[in-house]
Amino acid sequence: PIGEMQVVISVPKHLEGEKLPVLITMHGLGEARKGPAKGARGWLDDYDLAKAETRLAAPPLTSQDLQGFAGERLEVFNQTLKDEPYRGLIVVMPYTPDILKGDRPFSLAQPLASFLVDKLLPRVYKETPAIGSVASTGIDGVSLGGRAALLVGLSRPEAFGAVGGLQPAFDQKDAPELTRRALEARKKNPTFQLRLLTSVGDYFLGSTKAISQAFDEADVFHSLVIVPGDHSYKFNRGPGAYELLMYHDRVLRGRPPV
């Protein structure tokens with residue numbers, strides 16, 4: 001129902017017998033337009049995810065690592081990494097179809113979730129050194145991918161220990177429907193972590209704040225993080241990649257978020 005799909009999986013260096021958390025992360029609209037083969041490589045080829053993983057394993061980070069969008073988060077990151085080193089994730093990067101147009105924003109969430117949860121995750125658990133538990137599995141993404149990740153995570157919360165969206169591509173009018181879905185998700189899985197992250201120059205700053213406010217008014221437990229940066233590839237290569245990896249490396253191991 002969602003068309004051809006391709007997936008790229010990155011497994012970090014690890015000790016023999018070591019098991020790792022799994023993070024599904026979805027790319028943005030630019031990569032959706034490139035098609036499945038190139039699009040699925042978006043986090044690696046366009047967002048420099050491998051570089052971010054390398055730098056997190058060899059701190060301290062610098063302002064240059066965050067593409068100049070450092071702010072106080074740089075100090076927080078470095079103190080956190082000093083206290084507890086980055087340990088690494090199995091990063092699963094599926095092609096993200098464009099679910100922004102027409103009636104597709106919500107209607108494609110279910111078939112996409114079915115592919116990711118029912119077909120992809122069982123193979124990941126079987127063919128990689130994954131811990132393979134709900135608590136150690138997360139889903140996140142940026143922009144279009146943030147929208148997709150939140151819709152999938154809220155529709156199948158029983159499959160994830162953490163659900164997030166970086167600069168998720170929603171409108172303020174989507175807040176009531178997202179709130180309804182979040183409330184239903186909490187009933188199915190009261191313990192999963194839910195995070196919204198935006199930036200001061202993000203196109204979707206206003207809508208993300210509105211969604212967070214709607215969640216607060218409905219008592220949907222979640223976190224909202226606002227960091228320096230715009231809505232661009234530069235952000236994806238800087239705060240986007242580092243925030244993504246740092247957050248899930250901790251929460252999918254039962255540690256508090258940064």
# chains A, B, ... in the order shown; residues from 1 in each chain; ligands from 1

$ select_by_dssp --residues "segment 86-164 of chain A" --states "helix (DSSP H, G or I)" --output "ChimeraX atom specification"
/A:104-107,109-127,144-155,157-159

$ residues_around --residues "Leu49 of chain A" --least-positions-apart "3" --cutoff "10 Å" --atoms "only C-alpha atoms" --output "PyMOL selection string"
chain A and resi 10+42-46+52-55+91+236-238+240-242+244-245

$ write_last_selection --atoms "N, CA and C atoms" --output "PDB file, in the first residue's frame"
ATOM      1  N   SER A  10      22.440   0.418  10.049  1.00  0.00           N
ATOM      2  CA  SER A  10      23.793   0.670  10.528  1.00  0.00           C
ATOM      3  C   SER A  10      23.976  -0.015  11.880  1.00  0.00           C
ATOM      4  N   GLY A  42      19.406   8.637   3.316  1.00  0.00           N
ATOM      5  CA  GLY A  42      19.410  10.047   3.667  1.00  0.00           C
ATOM      6  C   GLY A  42      20.171  10.374   4.939  1.00  0.00           C
ATOM      7  N   TRP A  43      19.924   9.612   6.003  1.00  0.00           N
ATOM      8  CA  TRP A  43      20.605   9.916   7.257  1.00  0.00           C
ATOM      9  C   TRP A  43      22.115   9.723   7.142  1.00  0.00           C
ATOM     10  N   LEU A  44      22.541   8.786   6.315  1.00  0.00           N
ATOM     11  CA  LEU A  44      23.983   8.559   6.149  1.00  0.00           C
ATOM     12  C   LEU A  44      24.603   9.535   5.158  1.00  0.00           C
ATOM     13  N   ASP A  45      24.014   9.651   3.980  1.00  0.00           N
ATOM     14  CA  ASP A  45      24.645  10.429   2.905  1.00  0.00           C
ATOM     15  C   ASP A  45      24.381  11.921   3.000  1.00  0.00           C
ATOM     16  N   ASP A  46      23.214  12.302   3.508  1.00  0.00           N
ATOM     17  CA  ASP A  46      22.835  13.715   3.526  1.00  0.00           C
ATOM     18  C   ASP A  46      22.933  14.357   4.907  1.00  0.00           C
ATOM     19  N   ALA A  52      28.411  11.785  13.187  1.00  0.00           N
ATOM     20  CA  ALA A  52      27.899  12.089  14.523  1.00  0.00           C
ATOM     21  C   ALA A  52      28.164  10.927  15.480  1.00  0.00           C
ATOM     22  N   GLU A  53      27.984   9.707  15.014  1.00  0.00           N
ATOM     23  CA  GLU A  53      28.257   8.541  15.854  1.00  0.00           C
ATOM     24  C   GLU A  53      29.733   8.488  16.243  1.00  0.00           C
ATOM     25  N   THR A  54      30.594   8.774  15.286  1.00  0.00           N
ATOM     26  CA  THR A  54      32.033   8.762  15.556  1.00  0.00           C
ATOM     27  C   THR A  54      32.415   9.812  16.582  1.00  0.00           C
ATOM     28  N   ARG A  55      31.857  11.005  16.433  1.00  0.00           N
ATOM     29  CA  ARG A  55      32.199  12.089  17.359  1.00  0.00           C
ATOM     30  C   ARG A  55      31.621  11.833  18.760  1.00  0.00           C
ATOM     31  N   VAL A  91      20.850   1.512  14.067  1.00  0.00           N
ATOM     32  CA  VAL A  91      20.004   2.539  13.461  1.00  0.00           C
ATOM     33  C   VAL A  91      19.389   1.986  12.174  1.00  0.00           C
ATOM     34  N   ASN A 236      20.131  19.284  10.334  1.00  0.00           N
ATOM     35  CA  ASN A 236      20.093  17.822  10.379  1.00  0.00           C
ATOM     36  C   ASN A 236      21.472  17.236  10.677  1.00  0.00           C
ATOM     37  N   ARG A 237      22.513  17.850  10.080  1.00  0.00           N
ATOM     38  CA  ARG A 237      23.879  17.354  10.281  1.00  0.00           C
ATOM     39  C   ARG A 237      24.441  17.747  11.634  1.00  0.00           C
ATOM     40  N   GLY A 238      23.841  18.752  12.256  1.00  0.00           N
ATOM     41  CA  GLY A 238      24.312  19.213  13.552  1.00  0.00           C
ATOM     42  C   GLY A 238      23.402  18.762  14.673  1.00  0.00           C
ATOM     43  N   GLY A 240      20.296  18.045  14.872  1.00  0.00           N
ATOM     44  CA  GLY A 240      19.365  16.961  14.574  1.00  0.00           C
ATOM     45  C   GLY A 240      19.963  15.592  14.834  1.00  0.00           C
ATOM     46  N   ALA A 241      21.106  15.324  14.218  1.00  0.00           N
ATOM     47  CA  ALA A 241      21.748  14.010  14.354  1.00  0.00           C
ATOM     48  C   ALA A 241      22.189  13.744  15.787  1.00  0.00           C
ATOM     49  N   TYR A 242      22.785  14.748  16.429  1.00  0.00           N
ATOM     50  CA  TYR A 242      23.313  14.546  17.783  1.00  0.00           C
ATOM     51  C   TYR A 242      22.195  14.410  18.814  1.00  0.00           C
ATOM     52  N   LEU A 244      19.204  13.303  18.234  1.00  0.00           N
ATOM     53  CA  LEU A 244      18.579  12.003  17.954  1.00  0.00           C
ATOM     54  C   LEU A 244      19.332  10.875  18.633  1.00  0.00           C
ATOM     55  N   LEU A 245      20.636  10.811  18.384  1.00  0.00           N
ATOM     56  CA  LEU A 245      21.440   9.702  18.897  1.00  0.00           C
ATOM     57  C   LEU A 245      21.589   9.760  20.418  1.00  0.00           C
TER      58      LEU A 245
END

$ atom_distance --atom1 "atom CA of Gly17 of chain A" --atom2 "atom CA of Leu56 of chain A"
22.4 Å

$ closest_residue --among "A:Ala40, A:Leu205, A:Val92, A:Met5" --to "Ser143 of chain A" --atoms "only C-alpha atoms"
A:Leu205

$ select_by_dssp --residues "segment 99-193 of chain A" --states "strand (DSSP E)" --output "PyMOL selection string"
chain A and resi 137-141+162-166+193

$ closest_residue --among "A:Asp171, A:Asp140, A:Glu31, A:Asp230" --to "Tyr47 of chain A" --atoms "only C-alpha atoms"
A:Glu31

$ atom_distance --atom1 "atom CA of Thr179 of chain A" --atom2 "atom CA of Arg156 of chain A"
14.9 Å

$ atom_distance --atom1 "atom CA of Ile211 of chain A" --atom2 "atom CA of Pro256 of chain A"
22.8 Å

$ residues_around --residues "Ile2 of chain A" --least-positions-apart "4" --cutoff "12 Å" --atoms "only C-alpha atoms" --output "PDB file with N, CA, C and O atoms, in the first residue's frame"
ATOM      1  N   GLN A   6      12.802   0.450   0.686  1.00  0.00           N
ATOM      2  CA  GLN A   6      14.157  -0.029   0.929  1.00  0.00           C
ATOM      3  C   GLN A   6      14.588   0.460   2.304  1.00  0.00           C
ATOM      4  O   GLN A   6      14.124   1.501   2.779  1.00  0.00           O
ATOM      5  N   PRO A  36      13.260   5.354  -3.255  1.00  0.00           N
ATOM      6  CA  PRO A  36      13.645   4.446  -2.174  1.00  0.00           C
ATOM      7  C   PRO A  36      15.142   4.193  -2.038  1.00  0.00           C
ATOM      8  O   PRO A  36      15.665   4.172  -0.921  1.00  0.00           O
ATOM      9  N   TYR A  95      13.190   3.962   3.858  1.00  0.00           N
ATOM     10  CA  TYR A  95      12.679   5.016   2.986  1.00  0.00           C
ATOM     11  C   TYR A  95      11.373   5.534   3.575  1.00  0.00           C
ATOM     12  O   TYR A  95      10.543   4.763   4.056  1.00  0.00           O
ATOM     13  N   THR A  96      11.213   6.851   3.566  1.00  0.00           N
ATOM     14  CA  THR A  96      10.004   7.479   4.108  1.00  0.00           C
ATOM     15  C   THR A  96       9.171   8.036   2.961  1.00  0.00           C
ATOM     16  O   THR A  96       9.567   9.022   2.335  1.00  0.00           O
ATOM     17  N   PRO A  97       8.042   7.426   2.648  1.00  0.00           N
ATOM     18  CA  PRO A  97       7.199   7.960   1.573  1.00  0.00           C
ATOM     19  C   PRO A  97       6.603   9.304   1.969  1.00  0.00           C
ATOM     20  O   PRO A  97       6.445   9.600   3.159  1.00  0.00           O
ATOM     21  N   ASP A  98       6.282  10.117   0.978  1.00  0.00           N
ATOM     22  CA  ASP A  98       5.703  11.434   1.229  1.00  0.00           C
ATOM     23  C   ASP A  98       4.260  11.275   1.688  1.00  0.00           C
ATOM     24  O   ASP A  98       3.371  10.956   0.897  1.00  0.00           O
ATOM     25  N   ILE A  99       4.034  11.483   2.988  1.00  0.00           N
ATOM     26  CA  ILE A  99       2.673  11.376   3.515  1.00  0.00           C
ATOM     27  C   ILE A  99       2.155  12.752   3.926  1.00  0.00           C
ATOM     28  O   ILE A  99       1.417  12.901   4.898  1.00  0.00           O
ATOM     29  N   ARG A 104      -3.265  12.008   2.416  1.00  0.00           N
ATOM     30  CA  ARG A 104      -2.260  11.053   2.861  1.00  0.00           C
ATOM     31  C   ARG A 104      -1.678  11.307   4.257  1.00  0.00           C
ATOM     32  O   ARG A 104      -1.149  10.378   4.872  1.00  0.00           O
ATOM     33  N   SER A 107      -3.905   9.012   6.586  1.00  0.00           N
ATOM     34  CA  SER A 107      -4.401   7.741   6.081  1.00  0.00           C
ATOM     35  C   SER A 107      -3.293   6.723   5.827  1.00  0.00           C
ATOM     36  O   SER A 107      -3.530   5.515   5.890  1.00  0.00           O
ATOM     37  N   LEU A 108      -2.073   7.181   5.536  1.00  0.00           N
ATOM     38  CA  LEU A 108      -0.981   6.247   5.263  1.00  0.00           C
ATOM     39  C   LEU A 108      -0.231   5.826   6.517  1.00  0.00           C
ATOM     40  O   LEU A 108       0.669   4.997   6.450  1.00  0.00           O
ATOM     41  N   ALA A 109      -0.583   6.396   7.641  1.00  0.00           N
ATOM     42  CA  ALA A 109       0.137   6.055   8.865  1.00  0.00           C
ATOM     43  C   ALA A 109       0.006   4.573   9.198  1.00  0.00           C
ATOM     44  O   ALA A 109       0.987   3.927   9.583  1.00  0.00           O
ATOM     45  N   GLN A 110      -1.199   4.020   9.050  1.00  0.00           N
ATOM     46  CA  GLN A 110      -1.419   2.633   9.436  1.00  0.00           C
ATOM     47  C   GLN A 110      -0.668   1.643   8.548  1.00  0.00           C
ATOM     48  O   GLN A 110       0.004   0.744   9.066  1.00  0.00           O
ATOM     49  N   PRO A 111      -0.740   1.744   7.218  1.00  0.00           N
ATOM     50  CA  PRO A 111       0.045   0.806   6.409  1.00  0.00           C
ATOM     51  C   PRO A 111       1.549   0.973   6.588  1.00  0.00           C
ATOM     52  O   PRO A 111       2.294  -0.009   6.532  1.00  0.00           O
ATOM     53  N   LEU A 112       2.015   2.196   6.815  1.00  0.00           N
ATOM     54  CA  LEU A 112       3.433   2.400   7.088  1.00  0.00           C
ATOM     55  C   LEU A 112       3.812   1.741   8.411  1.00  0.00           C
ATOM     56  O   LEU A 112       4.852   1.073   8.517  1.00  0.00           O
ATOM     57  N   ALA A 113       2.959   1.895   9.415  1.00  0.00           N
ATOM     58  CA  ALA A 113       3.210   1.256  10.709  1.00  0.00           C
ATOM     59  C   ALA A 113       3.228  -0.253  10.581  1.00  0.00           C
ATOM     60  O   ALA A 113       4.048  -0.939  11.205  1.00  0.00           O
ATOM     61  N   SER A 114       2.323  -0.790   9.765  1.00  0.00           N
ATOM     62  CA  SER A 114       2.266  -2.236   9.567  1.00  0.00           C
ATOM     63  C   SER A 114       3.570  -2.749   8.959  1.00  0.00           C
ATOM     64  O   SER A 114       4.109  -3.782   9.385  1.00  0.00           O
ATOM     65  N   PHE A 115       4.099  -2.031   7.980  1.00  0.00           N
ATOM     66  CA  PHE A 115       5.377  -2.432   7.378  1.00  0.00           C
ATOM     67  C   PHE A 115       6.501  -2.390   8.408  1.00  0.00           C
ATOM     68  O   PHE A 115       7.281  -3.345   8.556  1.00  0.00           O
ATOM     69  N   LEU A 116       6.590  -1.274   9.137  1.00  0.00           N
ATOM     70  CA  LEU A 116       7.711  -1.089  10.057  1.00  0.00           C
ATOM     71  C   LEU A 116       7.648  -2.056  11.242  1.00  0.00           C
ATOM     72  O   LEU A 116       8.661  -2.653  11.627  1.00  0.00           O
TER      73      LEU A 116
END

$ closest_residue --among "A:Ile90, A:Ile131, A:Pro85, A:Gly229" --to "Leu23 of chain A" --atoms "only C-alpha atoms"
A:Ile90

$ closest_residue --among "A:Ile226, A:Ile24, A:Val163, A:Val11" --to "Gly201 of chain A" --atoms "only C-alpha atoms"
A:Ile226

$ residues_around --residues "Gly71 of chain A" --least-positions-apart "4" --cutoff "9 Å" --atoms "only C-alpha atoms" --output "list in words"
Ser63, Glu75, Val227 and Pro228 of chain A

$ closest_residue --among "A:Leu196, A:Val76, A:Ala149, A:Leu183" --to "Asp219 of chain A" --atoms "only C-alpha atoms"
A:Leu183

$ residues_around --residues "segment 144-146 of chain A" --least-positions-apart "3" --cutoff "7 Å" --atoms "only C-alpha atoms" --output "VMD selection string"
chain A and resid 26 to 29 96 140 to 141 149 to 150 165 to 169

$ write_last_selection --atoms "C-alpha atoms" --output "mmCIF file, in the first residue's frame"
data_model
loop_
_atom_site.group_PDB
_atom_site.id
_atom_site.type_symbol
_atom_site.label_atom_id
_atom_site.label_comp_id
_atom_site.auth_asym_id
_atom_site.auth_seq_id
_atom_site.Cartn_x
_atom_site.Cartn_y
_atom_site.Cartn_z
ATOM 1 C CA MET A 26 12.859 8.522 9.187
ATOM 2 C CA HIS A 27 14.272 11.106 6.765
ATOM 3 C CA GLY A 28 12.807 14.333 5.357
ATOM 4 C CA LEU A 29 10.913 15.346 2.235
ATOM 5 C CA THR A 96 10.004 7.479 4.108
ATOM 6 C CA ASP A 140 12.036 9.102 15.468
ATOM 7 C CA GLY A 141 12.662 11.269 12.424
ATOM 8 C CA ALA A 149 7.582 8.654 13.203
ATOM 9 C CA LEU A 150 5.014 10.244 15.513
ATOM 10 C CA GLY A 165 9.791 13.821 16.254
ATOM 11 C CA LEU A 166 12.488 16.345 15.300
ATOM 12 C CA GLN A 167 10.939 19.472 13.782
ATOM 13 C CA PRO A 168 7.859 17.367 12.876
ATOM 14 C CA ALA A 169 5.954 18.614 9.832
#

$ closest_residue --among "A:Val251, A:Ala159, A:Leu120, A:Leu89" --to "Glu18 of chain A" --atoms "only C-alpha atoms"
A:Leu89

$ decode --residues "segment 145-193 of chain A" --atoms "N, CA and C atoms" --output "PDB file, in the first residue's frame"
ATOM      1  N   GLY A 145       9.876  13.089   8.201  1.00  0.00           N
ATOM      2  CA  GLY A 145      10.163  11.886   8.979  1.00  0.00           C
ATOM      3  C   GLY A 145       9.701  11.995  10.416  1.00  0.00           C
ATOM      4  N   GLY A 146       9.725  13.215  10.969  1.00  0.00           N
ATOM      5  CA  GLY A 146       9.207  13.415  12.315  1.00  0.00           C
ATOM      6  C   GLY A 146       7.715  13.193  12.367  1.00  0.00           C
ATOM      7  N   ARG A 147       7.050  13.659  11.326  1.00  0.00           N
ATOM      8  CA  ARG A 147       5.601  13.431  11.210  1.00  0.00           C
ATOM      9  C   ARG A 147       5.320  11.932  11.118  1.00  0.00           C
ATOM     10  N   ALA A 148       6.038  11.255  10.232  1.00  0.00           N
ATOM     11  CA  ALA A 148       5.825   9.825  10.044  1.00  0.00           C
ATOM     12  C   ALA A 148       6.105   9.045  11.321  1.00  0.00           C
ATOM     13  N   ALA A 149       7.208   9.387  11.997  1.00  0.00           N
ATOM     14  CA  ALA A 149       7.582   8.654  13.203  1.00  0.00           C
ATOM     15  C   ALA A 149       6.531   8.808  14.299  1.00  0.00           C
ATOM     16  N   LEU A 150       6.026  10.032  14.489  1.00  0.00           N
ATOM     17  CA  LEU A 150       5.014  10.244  15.513  1.00  0.00           C
ATOM     18  C   LEU A 150       3.720   9.516  15.173  1.00  0.00           C
ATOM     19  N   LEU A 151       3.315   9.566  13.915  1.00  0.00           N
ATOM     20  CA  LEU A 151       2.075   8.890  13.527  1.00  0.00           C
ATOM     21  C   LEU A 151       2.198   7.377  13.694  1.00  0.00           C
ATOM     22  N   VAL A 152       3.350   6.829  13.295  1.00  0.00           N
ATOM     23  CA  VAL A 152       3.566   5.386  13.443  1.00  0.00           C
ATOM     24  C   VAL A 152       3.643   5.017  14.920  1.00  0.00           C
ATOM     25  N   GLY A 153       4.433   5.784  15.674  1.00  0.00           N
ATOM     26  CA  GLY A 153       4.603   5.468  17.081  1.00  0.00           C
ATOM     27  C   GLY A 153       3.318   5.551  17.876  1.00  0.00           C
ATOM     28  N   LEU A 154       2.487   6.547  17.580  1.00  0.00           N
ATOM     29  CA  LEU A 154       1.228   6.700  18.302  1.00  0.00           C
ATOM     30  C   LEU A 154       0.189   5.672  17.868  1.00  0.00           C
ATOM     31  N   SER A 155       0.323   5.152  16.640  1.00  0.00           N
ATOM     32  CA  SER A 155      -0.626   4.131  16.194  1.00  0.00           C
ATOM     33  C   SER A 155      -0.232   2.732  16.671  1.00  0.00           C
ATOM     34  N   ARG A 156       1.077   2.538  16.955  1.00  0.00           N
ATOM     35  CA  ARG A 156       1.545   1.230  17.431  1.00  0.00           C
ATOM     36  C   ARG A 156       2.434   1.393  18.673  1.00  0.00           C
ATOM     37  N   PRO A 157       1.934   2.017  19.717  1.00  0.00           N
ATOM     38  CA  PRO A 157       2.762   2.320  20.882  1.00  0.00           C
ATOM     39  C   PRO A 157       3.260   1.082  21.613  1.00  0.00           C
ATOM     40  N   GLU A 158       2.541  -0.028  21.428  1.00  0.00           N
ATOM     41  CA  GLU A 158       2.955  -1.254  22.108  1.00  0.00           C
ATOM     42  C   GLU A 158       4.272  -1.806  21.573  1.00  0.00           C
ATOM     43  N   ALA A 159       4.770  -1.226  20.458  1.00  0.00           N
ATOM     44  CA  ALA A 159       6.004  -1.715  19.844  1.00  0.00           C
ATOM     45  C   ALA A 159       7.226  -0.900  20.244  1.00  0.00           C
ATOM     46  N   PHE A 160       7.027   0.235  20.947  1.00  0.00           N
ATOM     47  CA  PHE A 160       8.136   1.167  21.158  1.00  0.00           C
ATOM     48  C   PHE A 160       8.277   1.614  22.612  1.00  0.00           C
ATOM     49  N   GLY A 161       9.544   1.762  23.005  1.00  0.00           N
ATOM     50  CA  GLY A 161       9.848   2.329  24.306  1.00  0.00           C
ATOM     51  C   GLY A 161      10.006   3.829  24.247  1.00  0.00           C
ATOM     52  N   ALA A 162      10.243   4.361  23.039  1.00  0.00           N
ATOM     53  CA  ALA A 162      10.397   5.806  22.866  1.00  0.00           C
ATOM     54  C   ALA A 162       9.895   6.203  21.484  1.00  0.00           C
ATOM     55  N   VAL A 163       9.166   7.302  21.437  1.00  0.00           N
ATOM     56  CA  VAL A 163       8.620   7.854  20.190  1.00  0.00           C
ATOM     57  C   VAL A 163       8.962   9.334  20.162  1.00  0.00           C
ATOM     58  N   GLY A 164       9.519   9.806  19.040  1.00  0.00           N
ATOM     59  CA  GLY A 164       9.892  11.207  18.977  1.00  0.00           C
ATOM     60  C   GLY A 164       9.736  11.787  17.593  1.00  0.00           C
ATOM     61  N   GLY A 165       9.819  13.108  17.526  1.00  0.00           N
ATOM     62  CA  GLY A 165       9.791  13.821  16.254  1.00  0.00           C
ATOM     63  C   GLY A 165      10.675  15.044  16.340  1.00  0.00           C
ATOM     64  N   LEU A 166      11.630  15.168  15.401  1.00  0.00           N
ATOM     65  CA  LEU A 166      12.488  16.345  15.300  1.00  0.00           C
ATOM     66  C   LEU A 166      11.866  17.291  14.269  1.00  0.00           C
ATOM     67  N   GLN A 167      11.544  18.502  14.681  1.00  0.00           N
ATOM     68  CA  GLN A 167      10.939  19.472  13.782  1.00  0.00           C
ATOM     69  C   GLN A 167       9.802  18.836  12.963  1.00  0.00           C
ATOM     70  N   PRO A 168       8.875  18.134  13.613  1.00  0.00           N
ATOM     71  CA  PRO A 168       7.859  17.367  12.876  1.00  0.00           C
ATOM     72  C   PRO A 168       6.957  18.258  12.028  1.00  0.00           C
ATOM     73  N   ALA A 169       6.688  17.811  10.819  1.00  0.00           N
ATOM     74  CA  ALA A 169       5.954  18.614   9.832  1.00  0.00           C
ATOM     75  C   ALA A 169       4.450  18.499  10.037  1.00  0.00           C
ATOM     76  N   PHE A 170       3.955  19.196  11.053  1.00  0.00           N
ATOM     77  CA  PHE A 170       2.528  19.265  11.323  1.00  0.00           C
ATOM     78  C   PHE A 170       2.056  20.710  11.277  1.00  0.00           C
ATOM     79  N   ASP A 171       0.753  20.882  11.101  1.00  0.00           N
ATOM     80  CA  ASP A 171       0.123  22.193  11.226  1.00  0.00           C
ATOM     81  C   ASP A 171      -0.559  22.283  12.593  1.00  0.00           C
ATOM     82  N   GLN A 172      -0.845  23.509  13.021  1.00  0.00           N
ATOM     83  CA  GLN A 172      -1.523  23.680  14.305  1.00  0.00           C
ATOM     84  C   GLN A 172      -2.882  22.986  14.314  1.00  0.00           C
ATOM     85  N   LYS A 173      -3.535  22.925  13.147  1.00  0.00           N
ATOM     86  CA  LYS A 173      -4.842  22.286  13.078  1.00  0.00           C
ATOM     87  C   LYS A 173      -4.781  20.783  13.353  1.00  0.00           C
ATOM     88  N   ASP A 174      -3.567  20.209  13.295  1.00  0.00           N
ATOM     89  CA  ASP A 174      -3.415  18.780  13.561  1.00  0.00           C
ATOM     90  C   ASP A 174      -3.385  18.461  15.051  1.00  0.00           C
ATOM     91  N   ALA A 175      -3.261  19.483  15.905  1.00  0.00           N
ATOM     92  CA  ALA A 175      -3.095  19.254  17.334  1.00  0.00           C
ATOM     93  C   ALA A 175      -4.220  18.420  17.957  1.00  0.00           C
ATOM     94  N   PRO A 176      -5.507  18.691  17.665  1.00  0.00           N
ATOM     95  CA  PRO A 176      -6.559  17.879  18.289  1.00  0.00           C
ATOM     96  C   PRO A 176      -6.485  16.397  17.917  1.00  0.00           C
ATOM     97  N   GLU A 177      -6.235  16.103  16.638  1.00  0.00           N
ATOM     98  CA  GLU A 177      -6.172  14.703  16.224  1.00  0.00           C
ATOM     99  C   GLU A 177      -4.949  14.008  16.819  1.00  0.00           C
ATOM    100  N   LEU A 178      -3.818  14.695  16.854  1.00  0.00           N
ATOM    101  CA  LEU A 178      -2.625  14.109  17.469  1.00  0.00           C
ATOM    102  C   LEU A 178      -2.848  13.870  18.956  1.00  0.00           C
ATOM    103  N   THR A 179      -3.533  14.782  19.609  1.00  0.00           N
ATOM    104  CA  THR A 179      -3.818  14.615  21.029  1.00  0.00           C
ATOM    105  C   THR A 179      -4.709  13.404  21.264  1.00  0.00           C
ATOM    106  N   ARG A 180      -5.711  13.251  20.409  1.00  0.00           N
ATOM    107  CA  ARG A 180      -6.588  12.073  20.531  1.00  0.00           C
ATOM    108  C   ARG A 180      -5.779  10.793  20.372  1.00  0.00           C
ATOM    109  N   ARG A 181      -4.893  10.778  19.382  1.00  0.00           N
ATOM    110  CA  ARG A 181      -4.076   9.586  19.149  1.00  0.00           C
ATOM    111  C   ARG A 181      -3.100   9.342  20.295  1.00  0.00           C
ATOM    112  N   ALA A 182      -2.559  10.419  20.846  1.00  0.00           N
ATOM    113  CA  ALA A 182      -1.620  10.272  21.956  1.00  0.00           C
ATOM    114  C   ALA A 182      -2.312   9.718  23.197  1.00  0.00           C
ATOM    115  N   LEU A 183      -3.531  10.161  23.451  1.00  0.00           N
ATOM    116  CA  LEU A 183      -4.290   9.645  24.590  1.00  0.00           C
ATOM    117  C   LEU A 183      -4.568   8.154  24.427  1.00  0.00           C
ATOM    118  N   GLU A 184      -4.950   7.743  23.218  1.00  0.00           N
ATOM    119  CA  GLU A 184      -5.191   6.327  22.952  1.00  0.00           C
ATOM    120  C   GLU A 184      -3.902   5.518  23.094  1.00  0.00           C
ATOM    121  N   ALA A 185      -2.786   6.107  22.630  1.00  0.00           N
ATOM    122  CA  ALA A 185      -1.501   5.420  22.732  1.00  0.00           C
ATOM    123  C   ALA A 185      -1.097   5.208  24.186  1.00  0.00           C
ATOM    124  N   ARG A 186      -1.332   6.213  25.013  1.00  0.00           N
ATOM    125  CA  ARG A 186      -0.987   6.108  26.432  1.00  0.00           C
ATOM    126  C   ARG A 186      -1.793   5.007  27.130  1.00  0.00           C
ATOM    127  N   LYS A 187      -3.023   4.797  26.684  1.00  0.00           N
ATOM    128  CA  LYS A 187      -3.826   3.719  27.256  1.00  0.00           C
ATOM    129  C   LYS A 187      -3.215   2.355  26.938  1.00  0.00           C
ATOM    130  N   LYS A 188      -2.666   2.228  25.728  1.00  0.00           N
ATOM    131  CA  LYS A 188      -2.085   0.951  25.303  1.00  0.00           C
ATOM    132  C   LYS A 188      -0.701   0.719  25.894  1.00  0.00           C
ATOM    133  N   ASN A 189       0.048   1.798  26.062  1.00  0.00           N
ATOM    134  CA  ASN A 189       1.398   1.690  26.608  1.00  0.00           C
ATOM    135  C   ASN A 189       1.697   2.934  27.432  1.00  0.00           C
ATOM    136  N   PRO A 190       1.392   2.917  28.728  1.00  0.00           N
ATOM    137  CA  PRO A 190       1.547   4.111  29.565  1.00  0.00           C
ATOM    138  C   PRO A 190       3.000   4.515  29.806  1.00  0.00           C
ATOM    139  N   THR A 191       3.957   3.645  29.467  1.00  0.00           N
ATOM    140  CA  THR A 191       5.339   3.883  29.881  1.00  0.00           C
ATOM    141  C   THR A 191       6.257   4.425  28.796  1.00  0.00           C
ATOM    142  N   PHE A 192       5.816   4.466  27.534  1.00  0.00           N
ATOM    143  CA  PHE A 192       6.760   4.883  26.496  1.00  0.00           C
ATOM    144  C   PHE A 192       7.097   6.371  26.623  1.00  0.00           C
ATOM    145  N   GLN A 193       8.352   6.691  26.277  1.00  0.00           N
ATOM    146  CA  GLN A 193       8.800   8.077  26.282  1.00  0.00           C
ATOM    147  C   GLN A 193       8.295   8.771  25.012  1.00  0.00           C
TER     148      GLN A 193
END
